[in-house]
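Raw contents of input.cif, mmCIF, C-alpha atoms:
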data_query
loop_
_atom_site.group_PDB
_atom_site.id
_atom_site.type_symbol
_atom_site.label_atom_id
_atom_site.label_comp_id
_atom_site.auth_asym_id
_atom_site.auth_seq_id
_atom_site.Cartn_x
_atom_site.Cartn_y
_atom_site.Cartn_z
ATOM 1 C CA MET A 1 -3.895 6.526 0.448
ATOM 2 C CA PRO A 2 -5.695 5.229 -2.636
ATOM 3 C CA THR A 3 -4.249 2.164 -4.295
ATOM 4 C CA PRO A 4 -4.570 1.201 -7.934
ATOM 5 C CA LEU A 5 -7.496 -1.009 -8.884
ATOM 6 C CA THR A 6 -5.097 -3.553 -10.362
ATOM 7 C CA PRO A 7 -1.918 -4.108 -8.342
ATOM 8 C CA PRO A 8 1.403 -4.377 -10.138
ATOM 9 C CA PRO A 9 2.410 -7.929 -11.110
ATOM 10 C CA LEU A 10 4.092 -9.956 -8.354
ATOM 11 C CA GLU A 11 7.502 -9.698 -10.020
ATOM 12 C CA VAL A 12 7.245 -5.874 -10.158
ATOM 13 C CA VAL A 13 6.163 -5.690 -6.498
ATOM 14 C CA LEU A 14 9.025 -7.933 -5.357
ATOM 15 C CA GLN A 15 11.603 -5.998 -7.415
ATOM 16 C CA GLY A 16 10.287 -2.664 -6.110
ATOM 17 C CA LEU A 17 10.377 -3.821 -2.495
ATOM 18 C CA HIS A 18 13.902 -5.154 -3.009
ATOM 19 C CA ASP A 19 15.042 -1.883 -4.577
ATOM 20 C CA SER A 20 13.546 0.016 -1.616
ATOM 21 C CA GLU A 21 15.339 -2.324 0.829
ATOM 22 C CA ILE A 22 12.055 -3.569 2.291
ATOM 23 C CA ARG A 23 12.498 -7.145 3.523
ATOM 24 C CA CYS A 24 9.737 -9.456 2.375
ATOM 25 C CA GLY A 25 9.201 -13.031 1.344
ATOM 26 C CA ILE A 26 6.843 -15.714 0.184
ATOM 27 C CA GLN A 27 7.035 -19.270 1.478
ATOM 28 C CA ASN A 28 4.963 -22.381 1.120
ATOM 29 C CA GLU A 29 3.667 -24.155 4.193
ATOM 30 C CA PRO A 30 3.275 -27.816 3.167
ATOM 31 C CA PRO A 31 1.366 -29.977 3.074
ATOM 32 C CA VAL A 32 -1.908 -27.969 3.098
ATOM 33 C CA ASP A 33 -1.167 -24.792 5.030
ATOM 34 C CA GLY A 34 -1.152 -22.437 2.047
ATOM 35 C CA ILE A 35 1.382 -19.816 1.060
ATOM 36 C CA THR A 36 2.525 -17.158 3.526
ATOM 37 C CA ALA A 37 3.671 -13.715 2.425
ATOM 38 C CA TRP A 38 5.461 -11.464 4.906
ATOM 39 C CA ILE A 39 7.020 -8.025 5.229
ATOM 40 C CA ASP A 40 9.464 -7.104 8.006
ATOM 41 C CA TYR A 41 9.166 -3.740 9.690
ATOM 42 C CA GLY A 42 11.408 -3.020 12.604
ATOM 43 C CA SER A 43 11.631 -6.055 14.837
ATOM 44 C CA ARG A 44 8.218 -7.345 13.737
ATOM 45 C CA ALA A 45 6.716 -8.913 10.644
ATOM 46 C CA GLU A 46 3.288 -8.547 9.105
ATOM 47 C CA LYS A 47 2.070 -11.842 7.617
ATOM 48 C CA ALA A 48 -0.837 -13.128 5.561
ATOM 49 C CA THR A 49 -1.515 -16.702 4.522
ATOM 50 C CA PHE A 50 -3.237 -17.470 1.248
ATOM 51 C CA TYR A 51 -4.923 -20.816 0.801
ATOM 52 C CA GLY A 52 -5.610 -22.695 -2.365
ATOM 53 C CA THR A 53 -9.006 -24.095 -3.146
ATOM 54 C CA ILE A 54 -10.019 -27.596 -4.006
ATOM 55 C CA VAL A 55 -11.600 -27.818 -7.436
ATOM 56 C CA GLY A 56 -12.812 -31.326 -8.128
ATOM 57 C CA ASP A 57 -9.942 -33.582 -7.192
ATOM 58 C CA ARG A 58 -7.134 -31.022 -7.525
ATOM 59 C CA GLN A 59 -5.897 -28.097 -5.484
ATOM 60 C CA VAL A 60 -5.686 -24.703 -7.155
ATOM 61 C CA TRP A 61 -2.918 -22.520 -5.715
ATOM 62 C CA PRO A 62 -3.612 -18.985 -4.567
ATOM 63 C CA ALA A 63 -3.435 -16.455 -7.381
ATOM 64 C CA ALA A 64 -0.204 -14.478 -7.597
ATOM 65 C CA ASP A 65 -2.222 -11.270 -8.007
ATOM 66 C CA ARG A 66 -3.782 -11.738 -4.537
ATOM 67 C CA ILE A 67 -0.332 -12.115 -2.999
ATOM 68 C CA ALA A 68 1.013 -9.162 -5.014
ATOM 69 C CA SER A 69 -1.937 -7.027 -3.946
ATOM 70 C CA TRP A 70 -1.383 -7.819 -0.262
ATOM 71 C CA LEU A 71 2.379 -7.146 -0.446
ATOM 72 C CA HIS A 72 1.764 -3.906 -2.370
ATOM 73 C CA GLU A 73 -0.935 -2.540 -0.048
ATOM 74 C CA THR A 74 0.955 -3.585 3.093
ATOM 75 C CA ALA A 75 4.175 -1.934 1.897
ATOM 76 C CA LEU A 76 2.307 1.310 1.122
ATOM 77 C CA ARG A 77 0.737 1.253 4.603
ATOM 78 C CA LEU A 78 3.869 0.304 6.572
ATOM 79 C CA PHE A 79 6.394 2.334 4.561
ATOM 80 C CA PRO A 80 4.560 5.455 3.303
ATOM 81 C CA ASP A 81 7.816 7.427 2.918
ATOM 82 C CA SER A 82 9.762 4.689 1.122
ATOM 83 C CA PRO A 83 10.900 4.985 -2.477
ATOM 84 C CA TYR A 84 8.434 2.156 -3.255
ATOM 85 C CA ALA A 85 5.472 4.105 -1.878
ATOM 86 C CA LYS A 86 6.557 7.292 -3.630
ATOM 87 C CA GLU A 87 6.803 5.453 -6.942
ATOM 88 C CA HIS A 88 3.396 3.797 -6.538
ATOM 89 C CA ASN A 89 1.486 6.641 -4.896
ATOM 90 C CA THR A 90 -1.768 7.173 -6.793
ATOM 91 C CA GLU A 91 -2.890 10.173 -4.763
ATOM 92 C CA ALA A 92 -2.992 13.444 -6.672
ATOM 93 C CA PRO A 93 -0.354 15.912 -5.479
ATOM 94 C CA LYS A 94 -1.755 18.524 -3.156
ATOM 95 C CA LYS A 95 -1.027 22.186 -3.828
ATOM 96 C CA PRO A 96 -0.671 24.479 -0.851
ATOM 97 C CA THR A 97 -3.575 26.866 -0.603
ATOM 98 C CA LYS A 98 -2.722 30.538 -0.851
ATOM 99 C CA ARG A 99 -4.867 33.352 0.465
ATOM 100 C CA ALA A 100 -5.928 35.603 -2.386
ATOM 101 C CA LYS A 101 -4.379 39.059 -2.333
ATOM 102 C CA ASN A 102 -7.717 40.840 -1.975
ATOM 103 C CA CYS A 103 -9.296 38.285 0.341
ATOM 104 C CA PRO A 104 -9.951 39.878 3.729
ATOM 105 C CA SER A 105 -8.635 38.142 6.822
ATOM 106 C CA SER A 106 -11.042 36.507 9.254
ATOM 107 C CA GLU A 107 -10.182 39.241 11.805
ATOM 108 C CA HIS A 108 -11.216 41.905 9.302
ATOM 109 C CA LEU A 109 -14.472 40.049 8.565
ATOM 110 C CA ARG A 110 -15.249 39.766 12.298
ATOM 111 C CA HIS A 111 -14.730 43.508 12.675
ATOM 112 C CA ILE A 112 -17.017 44.274 9.720
ATOM 113 C CA GLY A 113 -19.703 41.944 11.078
ATOM 114 C CA SER A 114 -19.808 43.762 14.406
ATOM 115 C CA MET A 115 -20.476 47.190 12.830
#

How does the structure come out when it is put into C-alpha cells?
Amino acid sequence: MPTPLTPPPLEVVLQGLHDSEIRCGIQNEPPVDGITAWIDYGSRAEKATFYGTIVGDRQVWPAADRIASWLHETALRLFPDSPYAKEHNTEAPKKPTKRAKNCPSSEHLRHIGSM
C-alpha cells in the first residue's frame, strides 16, 4: 500500500489513531535511551525507539516527523481495514474489470485456434 511522501503531522496521526480506537503511545526513556513509540495490536505491541543526536555539546531530540511517519506506516500495515487506514489510503481505487460484450471467451478462442 503506497504511503504519502510526507506523513501527516504527529498531532494528526495521534488524533486519527485515537479516533480509530488504535492504542498507541510515545514515551521517553531517560536518561539517554531515546523516545519509544508503540502501537498495540492484539496481545502484542510493535515498538520503535528513536534516538537523538549529539550536536556539539547538546542533544537534539528525534524529529516528530520521524515518529509520526513510523506510527502512520505501522498503523496502515497492522490495521489495513481500520477507519484510519481507509482515511489515509493513497492507493487509487480499483475498478472491477468487465469482459466486453463482443469479446470472445477463452474457450471460444481455443476452439477457433484448433480449426

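Here the PyMOL selection byres ((chain A and resi 65) around 12) catches exactly these residues: Leu5, Thr6, Pro7, Pro8, Pro9, Leu10, Glu11, Val12, Val13, Phe50, Trp61, Pro62, Ala63, Ala64, Arg66, Ile67, Ala68, Ser69, Trp70, Leu71, His72 and Glu73 of chain A.
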
Writing out the chosen residues with C-alpha atoms as a compact mmCIF listing (two decimals), in the frame of the given file:
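What follows is the written file again.txt:
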# COMPACT_ATOMS: atom_id res chain seq x y z
CA LEU A 5 -7.50 -1.01 -8.88
CA THR A 6 -5.10 -3.55 -10.36
CA PRO A 7 -1.92 -4.11 -8.34
CA PRO A 8 1.40 -4.38 -10.14
CA PRO A 9 2.41 -7.93 -11.11
CA LEU A 10 4.09 -9.96 -8.35
CA GLU A 11 7.50 -9.70 -10.02
CA VAL A 12 7.24 -5.87 -10.16
CA VAL A 13 6.16 -5.69 -6.50
CA PHE A 50 -3.24 -17.47 1.25
CA TRP A 61 -2.92 -22.52 -5.72
CA PRO A 62 -3.61 -18.98 -4.57
CA ALA A 63 -3.44 -16.45 -7.38
CA ALA A 64 -0.20 -14.48 -7.60
CA ARG A 66 -3.78 -11.74 -4.54
CA ILE A 67 -0.33 -12.12 -3.00
CA ALA A 68 1.01 -9.16 -5.01
CA SER A 69 -1.94 -7.03 -3.95
CA TRP A 70 -1.38 -7.82 -0.26
CA LEU A 71 2.38 -7.15 -0.45
CA HIS A 72 1.76 -3.91 -2.37
CA GLU A 73 -0.94 -2.54 -0.05

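Nearest to A:Leu17 of all the residues A:Thr36, A:Thr53, A:Ser43, A:Ser82 is A:Ser82, based on only C-alpha atoms.
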
(message) Please report the interatomic distance between atom CA of A:Glu87 and atom CA of A:Asp40 in Å with one decimal.
(response) 19.7 Å

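If you look at atom CA of A:Pro30 and atom CA of A:Leu14, they are 22.4 Å away from each other.
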
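If you look at atom CA of A:Arg58 and atom CA of A:Glu29, they are 17.4 Å away from each other.
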
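Using all atoms listed in the file for every distance, the candidate list A:Thr74, A:Asp81, A:Gly34, A:Tyr41 yields A:Tyr41 as the residue closest to A:Ile22.
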
(request) For the structure provided, state which residues fall under the PyMOL selection byres ((chain A and resi 85) around 10), and present them as a count of residues only. (result) 21
